[in-house]
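What's in query.cif: mmCIF, C-alpha atoms
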```
data_entry
#
loop_
_atom_site.label_atom_id
_atom_site.label_comp_id
_atom_site.auth_asym_id
_atom_site.auth_seq_id
_atom_site.Cartn_x
_atom_site.Cartn_y
_atom_site.Cartn_z
CA MET A 1 67.95 -36.13 -21.13
CA ALA A 2 70.12 -39.24 -20.70
CA GLU A 3 67.36 -41.17 -19.02
CA ASP A 4 67.33 -44.94 -19.37
CA GLN A 5 63.76 -45.68 -20.38
CA GLY A 6 64.26 -49.44 -20.23
CA SER A 7 65.08 -49.57 -16.56
CA TYR A 8 63.72 -48.06 -13.39
CA ALA A 9 67.10 -48.19 -11.69
CA TYR A 10 66.92 -44.42 -11.61
CA LEU A 11 63.43 -44.35 -10.20
CA THR A 12 63.25 -42.51 -6.89
CA PHE A 13 60.63 -42.82 -4.17
CA VAL A 14 60.59 -39.68 -2.05
CA THR A 15 59.19 -40.13 1.44
CA SER A 16 60.20 -39.51 5.03
CA ASN A 17 58.19 -42.54 6.19
CA PRO A 18 60.29 -45.75 6.34
CA ASN A 19 57.18 -47.94 6.77
CA LYS A 20 55.99 -46.86 3.35
CA VAL A 21 59.33 -47.76 1.79
CA THR A 22 59.18 -51.34 3.08
CA GLU A 23 55.59 -51.80 1.96
CA VAL A 24 56.04 -50.31 -1.49
CA ARG A 25 59.34 -52.11 -2.12
CA GLN A 26 57.72 -55.47 -1.37
CA ILE A 27 54.86 -54.85 -3.79
CA LEU A 28 56.99 -53.46 -6.64
CA ARG A 29 59.36 -56.42 -6.35
CA ASP A 30 56.58 -58.53 -7.94
CA PHE A 31 56.92 -56.29 -10.99
CA SER A 32 60.73 -56.42 -10.96
CA ILE A 33 60.78 -52.72 -10.33
CA ALA A 34 63.48 -51.37 -8.07
CA PHE A 35 63.79 -47.83 -6.80
CA GLU A 36 66.05 -45.68 -4.76
CA HIS A 37 64.65 -44.21 -1.57
CA LEU A 38 65.18 -40.53 -0.87
CA ASN A 39 64.34 -39.54 2.70
CA LEU A 40 63.08 -36.02 2.24
CA LYS A 41 60.21 -33.91 3.49
CA TYR A 42 58.49 -31.80 0.87
CA PRO A 43 55.74 -29.16 0.90
CA GLU A 44 52.13 -30.24 0.47
CA ILE A 45 49.33 -27.81 -0.33
CA GLN A 46 46.04 -27.66 1.55
CA SER A 47 43.25 -29.22 -0.49
CA SER A 48 40.43 -31.69 0.05
CA SER A 49 41.79 -33.73 -2.89
CA LEU A 50 44.72 -36.11 -2.37
CA ARG A 51 45.27 -36.19 -6.15
CA LYS A 52 45.70 -32.44 -6.29
CA ILE A 53 48.05 -32.37 -3.30
CA ALA A 54 50.20 -35.17 -4.71
CA SER A 55 50.31 -33.59 -8.20
CA VAL A 56 51.59 -30.28 -6.91
CA SER A 57 54.19 -31.91 -4.65
CA VAL A 58 55.55 -34.27 -7.29
CA ARG A 59 55.93 -31.37 -9.75
CA TYR A 60 57.76 -29.39 -7.11
CA LEU A 61 60.12 -32.31 -6.43
CA HIS A 62 60.76 -32.99 -10.11
CA LYS A 63 61.71 -29.36 -10.68
CA LYS A 64 64.22 -29.64 -7.84
CA LEU A 65 65.59 -33.13 -8.38
CA LYS A 66 65.23 -33.43 -12.18
CA ARG A 67 64.81 -37.23 -12.30
CA PRO A 68 61.93 -39.72 -12.54
CA LEU A 69 60.32 -40.01 -9.13
CA PHE A 70 57.14 -40.86 -7.32
CA ILE A 71 55.48 -40.06 -4.02
CA GLU A 72 52.58 -41.59 -2.11
CA ASP A 73 49.90 -39.81 -0.11
CA SER A 74 47.00 -41.38 1.72
CA GLY A 75 44.14 -40.42 3.98
CA LEU A 76 41.13 -41.70 5.88
CA PHE A 77 37.80 -40.24 4.73
CA ILE A 78 34.87 -40.69 7.13
CA ASP A 79 31.46 -40.14 5.53
CA ALA A 80 29.59 -39.00 8.65
CA LEU A 81 32.29 -36.35 9.24
CA GLY A 82 32.11 -34.87 5.74
CA GLY A 83 35.31 -36.63 4.70
CA PHE A 84 37.29 -35.61 7.77
CA PRO A 85 40.20 -36.08 8.44
CA GLY A 86 40.94 -36.76 4.74
CA PRO A 87 44.14 -35.16 3.47
CA TYR A 88 44.91 -33.92 6.98
CA SER A 89 45.01 -37.44 8.41
CA SER A 90 48.55 -37.24 9.73
CA TYR A 91 47.87 -33.89 11.42
CA ALA A 92 44.66 -35.27 12.96
CA GLN A 93 46.57 -38.38 14.06
CA LYS A 94 49.24 -36.25 15.74
CA THR A 95 46.74 -34.00 17.52
CA ILE A 96 43.41 -35.67 18.36
CA GLY A 97 44.52 -39.25 17.55
CA ASN A 98 42.36 -42.34 17.35
CA SER A 99 40.61 -41.48 20.61
CA GLY A 100 39.58 -38.14 19.09
CA ILE A 101 38.13 -39.84 16.01
CA LEU A 102 36.23 -42.35 18.18
CA LYS A 103 34.90 -39.49 20.30
CA LEU A 104 33.69 -37.67 17.18
CA MET A 105 32.03 -40.90 16.05
CA SER A 106 30.40 -41.68 19.39
CA SER A 107 26.64 -42.25 19.02
CA ILE A 108 26.97 -42.14 15.22
CA ARG A 109 25.59 -45.30 13.64
CA HIS A 110 26.52 -44.51 10.05
CA ARG A 111 30.22 -45.45 10.30
CA THR A 112 31.32 -46.00 6.70
CA ALA A 113 34.75 -44.72 5.75
CA ARG A 114 37.42 -45.28 3.14
CA PHE A 115 41.17 -45.24 3.04
CA GLU A 116 42.57 -43.74 -0.12
CA SER A 117 46.10 -43.90 -1.47
CA VAL A 118 47.49 -41.93 -4.39
CA ILE A 119 50.78 -42.54 -6.15
CA ALA A 120 51.98 -39.59 -8.21
CA TYR A 121 54.73 -40.32 -10.72
CA ILE A 122 56.58 -37.88 -12.91
CA GLY A 123 59.30 -38.61 -15.44
CA THR A 124 60.09 -38.67 -19.12
CA GLY A 125 56.90 -38.94 -21.14
CA CYS A 126 54.69 -38.52 -18.14
CA ASP A 127 53.82 -35.12 -16.75
CA VAL A 128 52.28 -36.48 -13.54
CA CYS A 129 50.60 -39.86 -13.77
CA LEU A 130 48.29 -40.72 -10.89
CA PHE A 131 47.41 -44.17 -9.59
CA SER A 132 44.89 -44.47 -6.82
CA GLY A 133 43.61 -47.25 -4.60
CA ILE A 134 40.65 -47.28 -2.26
CA ALA A 135 39.83 -49.60 0.64
CA GLU A 136 36.19 -49.28 1.66
CA GLY A 137 35.28 -50.06 5.24
CA SER A 138 34.01 -48.63 8.49
CA ILE A 139 35.16 -47.12 11.77
CA SER A 140 35.27 -49.60 14.67
CA LEU A 141 33.58 -48.88 17.99
CA GLU A 142 36.90 -49.04 19.82
CA ALA A 143 40.59 -49.23 18.88
CA ARG A 144 41.78 -52.81 18.40
CA GLY A 145 45.28 -54.09 17.58
CA VAL A 146 48.76 -52.63 17.66
CA ARG A 147 48.87 -49.06 16.56
CA TRP A 148 50.01 -47.63 13.28
CA GLY A 149 48.09 -44.52 12.33
CA PHE A 150 44.35 -45.10 12.03
CA ASP A 151 44.80 -48.86 11.44
CA PRO A 152 43.37 -49.85 14.88
CA ILE A 153 40.03 -48.15 14.15
CA PHE A 154 39.50 -49.12 10.48
CA ILE A 155 37.69 -52.35 9.55
CA PRO A 156 37.95 -53.06 5.82
CA HIS A 157 34.80 -54.20 4.05
CA GLY A 158 34.30 -57.98 4.34
CA SER A 159 36.47 -58.31 7.43
CA ARG A 160 35.69 -58.39 11.14
CA GLN A 161 39.20 -57.34 12.09
CA THR A 162 40.73 -53.90 12.01
CA PHE A 163 43.74 -53.27 9.76
CA SER A 164 45.91 -53.56 12.88
CA GLU A 165 44.47 -56.89 13.94
CA MET A 166 45.05 -58.32 10.45
CA GLY A 167 48.79 -57.79 10.81
CA PRO A 168 51.06 -56.35 8.09
CA GLU A 169 50.64 -59.38 5.80
CA GLY A 170 46.87 -59.54 6.11
CA LYS A 171 46.50 -55.82 5.65
CA ARG A 172 48.78 -55.72 2.65
CA LYS A 173 46.44 -58.04 0.72
CA VAL A 174 43.51 -55.64 0.85
CA SER A 175 45.11 -52.28 1.47
CA HIS A 176 44.44 -49.12 -0.49
CA ARG A 177 48.17 -48.62 -0.83
CA ARG A 178 48.63 -52.08 -2.36
CA ILE A 179 46.01 -51.32 -5.00
CA ALA A 180 47.58 -47.99 -5.94
CA VAL A 181 51.12 -49.40 -6.01
CA GLU A 182 50.01 -52.39 -8.09
CA LYS A 183 48.40 -50.12 -10.67
CA PHE A 184 51.63 -48.18 -10.82
CA GLY A 185 53.64 -51.41 -11.06
CA ILE A 186 51.57 -52.77 -13.96
CA TRP A 187 51.88 -49.52 -15.85
CA ALA A 188 55.62 -49.17 -15.24
CA ARG A 189 56.26 -52.84 -16.14
CA GLU A 190 54.47 -52.45 -19.46
CA ARG A 191 56.43 -49.36 -20.25
CA THR A 192 59.71 -51.09 -19.44
CA ASP A 193 58.83 -54.13 -21.55
CA ARG A 194 57.94 -51.94 -24.48
CA ALA A 195 61.23 -50.07 -24.21
CA VAL A 196 63.22 -53.33 -23.99
CA ASN A 197 61.40 -54.76 -27.04
CA SER A 198 61.99 -51.68 -29.15
CA PHE A 199 65.69 -52.01 -28.30
CA ARG A 200 65.96 -55.58 -29.68
CA MET B 1 60.29 -1.11 -10.12
CA ALA B 2 58.12 2.00 -10.43
CA GLU B 3 56.51 1.47 -7.06
CA ASP B 4 55.22 4.49 -5.15
CA GLN B 5 56.75 4.09 -1.73
CA GLY B 6 54.91 7.09 -0.28
CA SER B 7 51.42 5.76 -0.81
CA TYR B 8 49.58 2.54 -0.22
CA ALA B 9 47.13 3.24 -3.01
CA TYR B 10 48.63 0.27 -4.77
CA LEU B 11 48.40 -1.98 -1.75
CA THR B 12 46.38 -5.11 -2.44
CA PHE B 13 44.64 -7.40 0.05
CA VAL B 14 44.17 -10.84 -1.47
CA THR B 15 41.37 -12.88 0.07
CA SER B 16 38.27 -14.74 -1.03
CA ASN B 17 36.55 -13.93 2.28
CA PRO B 18 34.45 -10.72 2.10
CA ASN B 19 34.02 -10.63 5.91
CA LYS B 20 37.76 -10.21 6.29
CA VAL B 21 37.77 -7.31 3.83
CA THR B 22 35.17 -5.36 5.82
CA GLU B 23 36.93 -5.97 9.13
CA VAL B 24 40.42 -5.13 7.88
CA ARG B 25 39.28 -2.06 5.94
CA GLN B 26 37.65 -0.62 9.06
CA ILE B 27 40.78 -1.08 11.14
CA LEU B 28 43.21 0.25 8.54
CA ARG B 29 41.06 3.33 8.01
CA ASP B 30 42.30 4.54 11.41
CA PHE B 31 45.78 4.58 9.93
CA SER B 32 44.63 6.27 6.70
CA ILE B 33 45.64 3.19 4.80
CA ALA B 34 43.53 2.19 1.83
CA PHE B 35 43.88 -0.96 -0.20
CA GLU B 36 42.41 -2.64 -3.19
CA HIS B 37 40.69 -5.97 -2.64
CA LEU B 38 41.52 -8.86 -4.95
CA ASN B 39 39.10 -11.76 -4.64
CA LEU B 40 41.37 -14.69 -5.38
CA LYS B 41 41.99 -18.14 -3.95
CA TYR B 42 45.62 -19.10 -3.61
CA PRO B 43 47.48 -22.28 -2.58
CA GLU B 44 48.41 -22.78 1.06
CA ILE B 45 50.93 -25.38 2.21
CA GLN B 46 50.29 -27.85 5.01
CA SER B 47 52.16 -26.84 8.16
CA SER B 48 51.43 -26.48 11.86
CA SER B 49 52.69 -22.88 11.64
CA LEU B 50 50.42 -20.11 10.36
CA ARG B 51 53.48 -17.90 9.83
CA LYS B 52 55.09 -20.44 7.55
CA ILE B 53 51.88 -21.01 5.57
CA ALA B 54 51.30 -17.28 5.11
CA SER B 55 54.93 -16.64 4.12
CA VAL B 56 54.88 -19.23 1.36
CA SER B 57 51.51 -18.04 0.02
CA VAL B 58 52.40 -14.36 -0.03
CA ARG B 59 55.66 -15.13 -1.87
CA TYR B 60 53.71 -17.15 -4.40
CA LEU B 61 51.21 -14.32 -4.94
CA HIS B 62 53.91 -11.66 -5.23
CA LYS B 63 55.68 -13.69 -7.90
CA LYS B 64 52.42 -13.85 -9.86
CA LEU B 65 51.02 -10.36 -9.28
CA LYS B 66 54.26 -8.36 -8.90
CA ARG B 67 52.87 -5.64 -6.61
CA PRO B 68 52.80 -4.88 -2.87
CA LEU B 69 50.20 -7.10 -1.25
CA PHE B 70 49.16 -8.75 1.97
CA ILE B 71 47.13 -11.74 3.07
CA GLU B 72 45.66 -12.81 6.41
CA ASP B 73 45.44 -16.30 7.85
CA SER B 74 44.01 -17.31 11.18
CA GLY B 75 43.29 -20.39 13.22
CA LEU B 76 41.95 -21.69 16.53
CA PHE B 77 44.49 -23.62 18.61
CA ILE B 78 43.05 -25.76 21.42
CA ASP B 79 45.63 -26.80 24.03
CA ALA B 80 43.96 -30.06 25.13
CA LEU B 81 43.83 -31.17 21.49
CA GLY B 82 47.51 -30.57 20.79
CA GLY B 83 46.77 -27.36 18.91
CA PHE B 84 44.01 -28.85 16.76
CA PRO B 85 42.41 -27.60 14.52
CA GLY B 86 45.09 -24.89 14.14
CA PRO B 87 45.97 -24.05 10.52
CA TYR B 88 43.27 -26.45 9.33
CA SER B 89 40.50 -24.52 11.07
CA SER B 90 38.45 -23.83 7.96
CA TYR B 91 38.63 -27.47 6.88
CA ALA B 92 37.62 -28.61 10.39
CA GLN B 93 34.81 -26.03 10.37
CA LYS B 94 33.52 -27.33 7.03
CA THR B 95 33.66 -31.00 8.08
CA ILE B 96 33.16 -31.60 11.82
CA GLY B 97 32.03 -28.05 12.65
CA ASN B 98 31.47 -26.56 16.10
CA SER B 99 29.54 -29.62 17.25
CA GLY B 100 32.57 -31.76 16.40
CA ILE B 101 34.89 -29.54 18.42
CA LEU B 102 32.48 -29.58 21.39
CA LYS B 103 32.26 -33.36 21.13
CA LEU B 104 36.06 -33.64 21.16
CA MET B 105 36.11 -31.37 24.21
CA SER B 106 33.36 -33.19 26.11
CA SER B 107 34.49 -34.19 29.63
CA ILE B 108 37.71 -32.17 29.17
CA ARG B 109 38.10 -29.60 31.92
CA HIS B 110 41.27 -27.95 30.63
CA ARG B 111 39.61 -25.82 27.93
CA THR B 112 42.16 -23.08 27.16
CA ALA B 113 42.57 -22.09 23.53
CA ARG B 114 43.83 -19.21 21.46
CA PHE B 115 42.87 -17.59 18.22
CA GLU B 116 45.82 -16.48 16.16
CA SER B 117 45.92 -14.16 13.16
CA VAL B 118 48.88 -13.56 10.90
CA ILE B 119 49.22 -10.80 8.32
CA ALA B 120 51.91 -11.45 5.72
CA TYR B 121 53.00 -8.44 3.67
CA ILE B 122 55.40 -8.36 0.78
CA GLY B 123 56.51 -5.37 -1.25
CA THR B 124 59.45 -3.13 -2.00
CA GLY B 125 61.96 -3.27 0.82
CA CYS B 126 60.17 -6.04 2.60
CA ASP B 127 60.66 -9.64 1.65
CA VAL B 128 57.75 -10.93 3.76
CA CYS B 129 56.97 -9.00 6.91
CA LEU B 130 54.77 -10.82 9.41
CA PHE B 131 52.42 -9.27 11.95
CA SER B 132 50.61 -11.53 14.36
CA GLY B 133 47.87 -11.14 16.93
CA ILE B 134 46.68 -13.57 19.55
CA ALA B 135 43.42 -13.68 21.52
CA GLU B 136 43.72 -15.98 24.52
CA GLY B 137 40.56 -17.62 25.79
CA SER B 138 38.73 -20.89 26.25
CA ILE B 139 36.24 -23.20 24.58
CA SER B 140 32.67 -22.79 25.82
CA LEU B 141 30.59 -25.75 26.99
CA GLU B 142 28.02 -25.16 24.27
CA ALA B 143 27.70 -22.96 21.17
CA ARG B 144 26.25 -19.53 21.96
CA GLY B 145 25.42 -16.68 19.58
CA VAL B 146 25.02 -16.33 15.86
CA ARG B 147 27.45 -18.37 13.90
CA TRP B 148 30.54 -17.28 12.08
CA GLY B 149 33.24 -19.94 12.14
CA PHE B 150 34.30 -20.91 15.65
CA ASP B 151 33.06 -17.63 17.16
CA PRO B 152 30.09 -19.24 19.00
CA ILE B 153 32.38 -21.58 20.98
CA PHE B 154 35.27 -19.21 21.83
CA ILE B 155 35.20 -17.09 25.01
CA PRO B 156 38.03 -14.54 25.04
CA HIS B 157 39.94 -14.13 28.29
CA GLY B 158 38.23 -11.67 30.65
CA SER B 159 34.81 -12.08 29.04
CA ARG B 160 31.82 -14.24 29.85
CA GLN B 161 30.46 -14.01 26.33
CA THR B 162 31.57 -15.89 23.26
CA PHE B 163 32.91 -13.93 20.28
CA SER B 164 29.51 -14.39 18.65
CA GLU B 165 27.58 -13.04 21.63
CA MET B 166 29.82 -9.96 21.75
CA GLY B 167 28.68 -8.95 18.27
CA PRO B 168 30.98 -7.66 15.51
CA GLU B 169 31.78 -4.41 17.35
CA GLY B 170 32.51 -6.06 20.68
CA LYS B 171 34.59 -8.75 19.09
CA ARG B 172 36.58 -6.32 17.00
CA LYS B 173 37.90 -4.61 20.13
CA VAL B 174 39.63 -7.71 21.45
CA SER B 175 40.08 -9.86 18.38
CA HIS B 176 43.32 -11.49 17.29
CA ARG B 177 42.77 -10.09 13.80
CA ARG B 178 42.48 -6.54 15.13
CA ILE B 179 45.81 -6.87 16.93
CA ALA B 180 47.59 -8.20 13.85
CA VAL B 181 46.07 -5.61 11.53
CA GLU B 182 46.89 -2.78 13.95
CA LYS B 183 50.52 -3.86 14.12
CA PHE B 184 50.58 -3.85 10.34
CA GLY B 185 48.84 -0.45 10.26
CA ILE B 186 51.33 1.17 12.64
CA TRP B 187 54.27 -0.16 10.67
CA ALA B 188 52.83 0.85 7.29
CA ARG B 189 51.87 4.32 8.58
CA GLU B 190 55.38 4.96 9.84
CA ARG B 191 56.83 3.87 6.55
CA THR B 192 54.48 6.15 4.61
CA ASP B 193 55.23 9.13 6.87
CA ARG B 194 58.93 8.60 6.43
CA ALA B 195 58.59 8.46 2.67
CA VAL B 196 56.44 11.61 2.58
CA ASN B 197 58.94 13.50 4.79
CA SER B 198 61.91 12.50 2.66
CA PHE B 199 60.00 13.85 -0.34
CA ARG B 200 59.56 17.34 1.13
#
```
Taking this structure as input, can you express it in the form of C-alpha cells?
Amino acid sequence: MAEDQGSYAYLTFVTSNPNKVTEVRQILRDFSIAFEHLNLKYPEIQSSSLRKIASVSVRYLHKKLKRPLFIEDSGLFIDALGGFPGPYSSYAQKTIGNSGILKLMSSIRHRTARFESVIAYIGTGCDVCLFSGIAEGSISLEARGVRWGFDPIFIPHGSRQTFSEMGPEGKRKVSHRRIAVEKFGIWARERTDRAVNSFR
Amino acid sequence: MAEDQGSYAYLTFVTSNPNKVTEVRQILRDFSIAFEHLNLKYPEIQSSSLRKIASVSVRYLHKKLKRPLFIEDSGLFIDALGGFPGPYSSYAQKTIGNSGILKLMSSIRHRTARFESVIAYIGTGCDVCLFSGIAEGSISLEARGVRWGFDPIFIPHGSRQTFSEMGPEGKRKVSHRRIAVEKFGIWARERTDRAVNSFR
C-alpha cells in the first residue's frame, strides 16, 4: 500500500450532506488536517447503536474505495421515548418532523435528551476507529430558531437557547459533532506527528 | 449446485420471530410447501423501501448459507405521517409504541394507512424474487384488542374491528402477510409441479 502515513492529504470524508463538510472542515483545520470530500450515499444497517451502524458502513466504503476515509453519523436520543428517534433521526425528521416530536412529548415533563455523533475512521493501521461526542440537553416546549434538523427543539445543558437560536458559531462550541471531530483530530494529529518524526 | 429443484424440502425461512413461522407455515401448507425454520437475526439496511431492505438481506443470507431461502419483512405506513413508521415499524413499536402513534395522530382526521408485507426469496434460478401484499385500512382512535405490534390500532378496510379484535383467524383472512405468502405459494407450487412433470 503506497499510503502516505505522514499526511492526511489522501484522507476522504464521505457524506452527502454539505453542511457536515463545512462544519467538520472548520474544526479539523485547527489540527492542520485536510481532507477530500466525496459526495456519496452509502448503505446503513438498522441498529439502535450509532457505533455499530457507522462501523459497518465505513468497512463497506473502505472495501469499495480502498483508501483512508471517515464518515459521521449522528442522532437525537430522547429518554422518555426509549431513545427514539435515535439512529433513525433523519427518517423521523423527514416524516413526522419537529412537530411530530413535540406532539409525542406533549404533557411529558421528563424531557432530557442527548445528541450523539460518531466518527468512524478506517485506514492503514486502523481497522475502524470510533470517536464519539455527546451533547446532553432537553427537548424544548416549542420549536425556536431557524430550522436545521432537530436543532430548533434541542436545548443543550447549561443553555436557555436551542441549538438553532445559538447560531452556527454558538452551536459549534458545544456540539456533539465538535467533540467527536476534535477527538478524531487529536488522534490523527498525533499519528501524523509521530510519522513525521520517525522520518527525520 | 446439487439443489433439488422438484422439492422445497430444502427451503429455509429465516426469521427470529416465532409468530411469523406459525402464520407462514399455516398458509404454505395449502400449497403443500414445507420449509425449515432457521432462527437467526440478520442485518437490514436503512431504506424507505421494504423491497430494497428485503432484497439486500436475502442476498446477504444466501451468500452465507448457500441454500434456497426466504425472509419476510413488513411495516405500517401512515399517510398523514409521510409513511412513518414504515420500515422502522419494529423500532417505533419498541420505543414510542401504539400510544406514541395515537398521540402523533391525535386531531388528525385523515387516518388512512396500509400494512405491507414483502417476501424475498432467493434460490436456483431466482436471483431475488419479491412477493408483496398490502392491507389497506386506517388508524383507530384508540387501541382495541389484545396486543401484537400495531394490530390494536389498525382497522382494515371494510371492517369495524382492529386486527387485534378480529383474532388470529379473522386477521389471517385479510392480512397483508397472507397475500404476500399466497403469491409466493402459488409461484413456488407452479415451479415444483413443472419440475415434477419434467422428471416423469
Using all atoms listed in the file, which residues of chain A come within 7 Å of chain B, and what is the closest atom pair for each, with the distance in Å to one decimal? Give it as a tab-separated table, sorted by chain and residue number.
```
residue	atom	partner	partner_atom	distance
A:Pro43	CA	B:Ile45	CA	6.3
A:Glu44	CA	B:Ile45	CA	5.3
A:Ile45	CA	B:Ile45	CA	3.9
A:Gln46	CA	B:Ile45	CA	5.4
A:Leu81	CA	B:Ile96	CA	5.5
A:Gly82	CA	B:Thr95	CA	4.8
A:Gly83	CA	B:Thr95	CA	6.8
A:Phe84	CA	B:Thr95	CA	5.9
A:Thr95	CA	B:Gly82	CA	4.8
A:Ile96	CA	B:Leu81	CA	5.5
A:Gly100	CA	B:Leu104	CA	6.1
A:Lys103	CA	B:Leu104	CA	6.0
A:Leu104	CA	B:Lys103	CA	6.0
```
Next, dump the selected residues to file, keeping only C-alpha atoms, as a PDB file, in the frame of the given file.
```pdb
ATOM      1  CA  PRO A  43      55.740 -29.160   0.900  1.00  0.00           C
ATOM      2  CA  GLU A  44      52.130 -30.240   0.470  1.00  0.00           C
ATOM      3  CA  ILE A  45      49.330 -27.810  -0.330  1.00  0.00           C
ATOM      4  CA  GLN A  46      46.040 -27.660   1.550  1.00  0.00           C
ATOM      5  CA  LEU A  81      32.290 -36.350   9.240  1.00  0.00           C
ATOM      6  CA  GLY A  82      32.110 -34.870   5.740  1.00  0.00           C
ATOM      7  CA  GLY A  83      35.310 -36.630   4.700  1.00  0.00           C
ATOM      8  CA  PHE A  84      37.290 -35.610   7.770  1.00  0.00           C
ATOM      9  CA  THR A  95      46.740 -34.000  17.520  1.00  0.00           C
ATOM     10  CA  ILE A  96      43.410 -35.670  18.360  1.00  0.00           C
ATOM     11  CA  GLY A 100      39.580 -38.140  19.090  1.00  0.00           C
ATOM     12  CA  LYS A 103      34.900 -39.490  20.300  1.00  0.00           C
ATOM     13  CA  LEU A 104      33.690 -37.670  17.180  1.00  0.00           C
TER      14      LEU A 104
END
```
I'd like the contact shell of Ala143 (chain A) - 10 Å cut-off, all atoms listed in the file, skipping same-chain residues fewer than 2 positions apart - returned as a PDB file with C-alpha atoms, in the coordinates of the input.
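Ended up saving to out.pdb:
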```
ATOM      1  CA  ASN A  98      42.360 -42.340  17.350  1.00  0.00           C
ATOM      2  CA  SER A  99      40.610 -41.480  20.610  1.00  0.00           C
ATOM      3  CA  LEU A 102      36.230 -42.350  18.180  1.00  0.00           C
ATOM      4  CA  ILE A 139      35.160 -47.120  11.770  1.00  0.00           C
ATOM      5  CA  SER A 140      35.270 -49.600  14.670  1.00  0.00           C
ATOM      6  CA  LEU A 141      33.580 -48.880  17.990  1.00  0.00           C
ATOM      7  CA  GLY A 145      45.280 -54.090  17.580  1.00  0.00           C
ATOM      8  CA  VAL A 146      48.760 -52.630  17.660  1.00  0.00           C
ATOM      9  CA  ARG A 147      48.870 -49.060  16.560  1.00  0.00           C
ATOM     10  CA  PHE A 150      44.350 -45.100  12.030  1.00  0.00           C
ATOM     11  CA  ASP A 151      44.800 -48.860  11.440  1.00  0.00           C
ATOM     12  CA  PRO A 152      43.370 -49.850  14.880  1.00  0.00           C
ATOM     13  CA  ILE A 153      40.030 -48.150  14.150  1.00  0.00           C
ATOM     14  CA  PHE A 154      39.500 -49.120  10.480  1.00  0.00           C
ATOM     15  CA  THR A 162      40.730 -53.900  12.010  1.00  0.00           C
ATOM     16  CA  SER A 164      45.910 -53.560  12.880  1.00  0.00           C
ATOM     17  CA  GLU A 165      44.470 -56.890  13.940  1.00  0.00           C
TER      18      GLU A 165
END
```
For the provided coordinates, the residues matched by the PyMOL selection byres ((chain A and resi 173) around 12) should be stated as a list in words.
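So the PyMOL selection byres ((chain A and resi 173) around 12), applied here, picks out Glu23, Gln26, Ile27, Ala135, Pro156, Phe163, Met166, Gly167, Pro168, Glu169, Gly170, Lys171, Arg172, Val174, Ser175, His176, Arg177, Arg178, Ile179, Val181 and Glu182 of chain A.
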Between CA of Ser132 (chain A) and CA of Ile108 (chain A), what is the distance in Å, rounded to a tenth?
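Taking CA of Ser132 (chain A) as the start and CA of Ile108 (chain A) as the end point, the length is 28.5 Å.
In this structure, CA of Arg111 (chain A) sits 5.3 Å away from CA of Ser138 (chain A).
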Just how far from CA of Arg25 (chain B) is CA of Ala113 (chain B), in Å to one decimal?
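CA of Arg25 (chain B) lies at a distance of 26.9 Å from CA of Ala113 (chain B).
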Might you spell out which residues the PyMOL selection byres ((chain A and resi 15) around 10) would select in the displayed file, as a PyMOL selection string?
chain A and resi 12-14+16-21+37-42+70-73
When the PyMOL selection byres ((chain A and resi 55) around 9) is applied to the structure above, which residues does it catch, written out as an MDAnalysis selection string?
chainID A and resid 50:54 56:60 120:122 128:130
Nearest to Leu28 (chain A) among A:Asp193, A:Trp187, A:Thr112, A:Gln93, with distances taken over all atoms listed in the file: which residue is it?
A:Trp187
Export: region 27-39 of chain A, N, CA and C atoms, as a PDB file, in the first residue's frame:
```
ATOM      1  N   ILE A  27     -13.425  22.547  11.914  1.00  0.00           N
ATOM      2  CA  ILE A  27     -12.852  22.002  13.153  1.00  0.00           C
ATOM      3  C   ILE A  27     -11.491  21.359  12.892  1.00  0.00           C
ATOM      4  N   LEU A  28     -11.386  20.578  11.821  1.00  0.00           N
ATOM      5  CA  LEU A  28     -10.132  19.859  11.552  1.00  0.00           C
ATOM      6  C   LEU A  28      -9.011  20.797  11.109  1.00  0.00           C
ATOM      7  N   ARG A  29      -9.402  21.997  10.653  1.00  0.00           N
ATOM      8  CA  ARG A  29      -8.385  22.978  10.261  1.00  0.00           C
ATOM      9  C   ARG A  29      -7.490  23.310  11.465  1.00  0.00           C
ATOM     10  N   ASP A  30      -8.089  23.355  12.662  1.00  0.00           N
ATOM     11  CA  ASP A  30      -7.323  23.628  13.889  1.00  0.00           C
ATOM     12  C   ASP A  30      -6.244  22.580  14.132  1.00  0.00           C
ATOM     13  N   PHE A  31      -6.396  21.423  13.520  1.00  0.00           N
ATOM     14  CA  PHE A  31      -5.426  20.341  13.702  1.00  0.00           C
ATOM     15  C   PHE A  31      -4.564  20.169  12.445  1.00  0.00           C
ATOM     16  N   SER A  32      -4.673  21.167  11.553  1.00  0.00           N
ATOM     17  CA  SER A  32      -3.947  21.123  10.266  1.00  0.00           C
ATOM     18  C   SER A  32      -4.233  19.838   9.502  1.00  0.00           C
ATOM     19  N   ILE A  33      -5.456  19.403   9.576  1.00  0.00           N
ATOM     20  CA  ILE A  33      -5.823  18.180   8.872  1.00  0.00           C
ATOM     21  C   ILE A  33      -6.789  18.528   7.739  1.00  0.00           C
ATOM     22  N   ALA A  34      -6.357  18.237   6.542  1.00  0.00           N
ATOM     23  CA  ALA A  34      -7.201  18.487   5.373  1.00  0.00           C
ATOM     24  C   ALA A  34      -7.786  17.164   4.886  1.00  0.00           C
ATOM     25  N   PHE A  35      -8.882  17.247   4.196  1.00  0.00           N
ATOM     26  CA  PHE A  35      -9.458  16.027   3.622  1.00  0.00           C
ATOM     27  C   PHE A  35     -10.149  16.388   2.319  1.00  0.00           C
ATOM     28  N   GLU A  36     -10.366  15.342   1.575  1.00  0.00           N
ATOM     29  CA  GLU A  36     -11.109  15.462   0.327  1.00  0.00           C
ATOM     30  C   GLU A  36     -12.547  15.050   0.628  1.00  0.00           C
ATOM     31  N   HIS A  37     -13.500  15.758   0.045  1.00  0.00           N
ATOM     32  CA  HIS A  37     -14.897  15.387   0.267  1.00  0.00           C
ATOM     33  C   HIS A  37     -15.408  14.543  -0.891  1.00  0.00           C
ATOM     34  N   LEU A  38     -16.013  13.421  -0.556  1.00  0.00           N
ATOM     35  CA  LEU A  38     -16.633  12.581  -1.581  1.00  0.00           C
ATOM     36  C   LEU A  38     -18.137  12.545  -1.319  1.00  0.00           C
ATOM     37  N   ASN A  39     -18.886  13.128  -2.240  1.00  0.00           N
ATOM     38  CA  ASN A  39     -20.347  13.197  -2.097  1.00  0.00           C
ATOM     39  C   ASN A  39     -20.959  11.885  -2.573  1.00  0.00           C
TER      40      ASN A  39
END
```
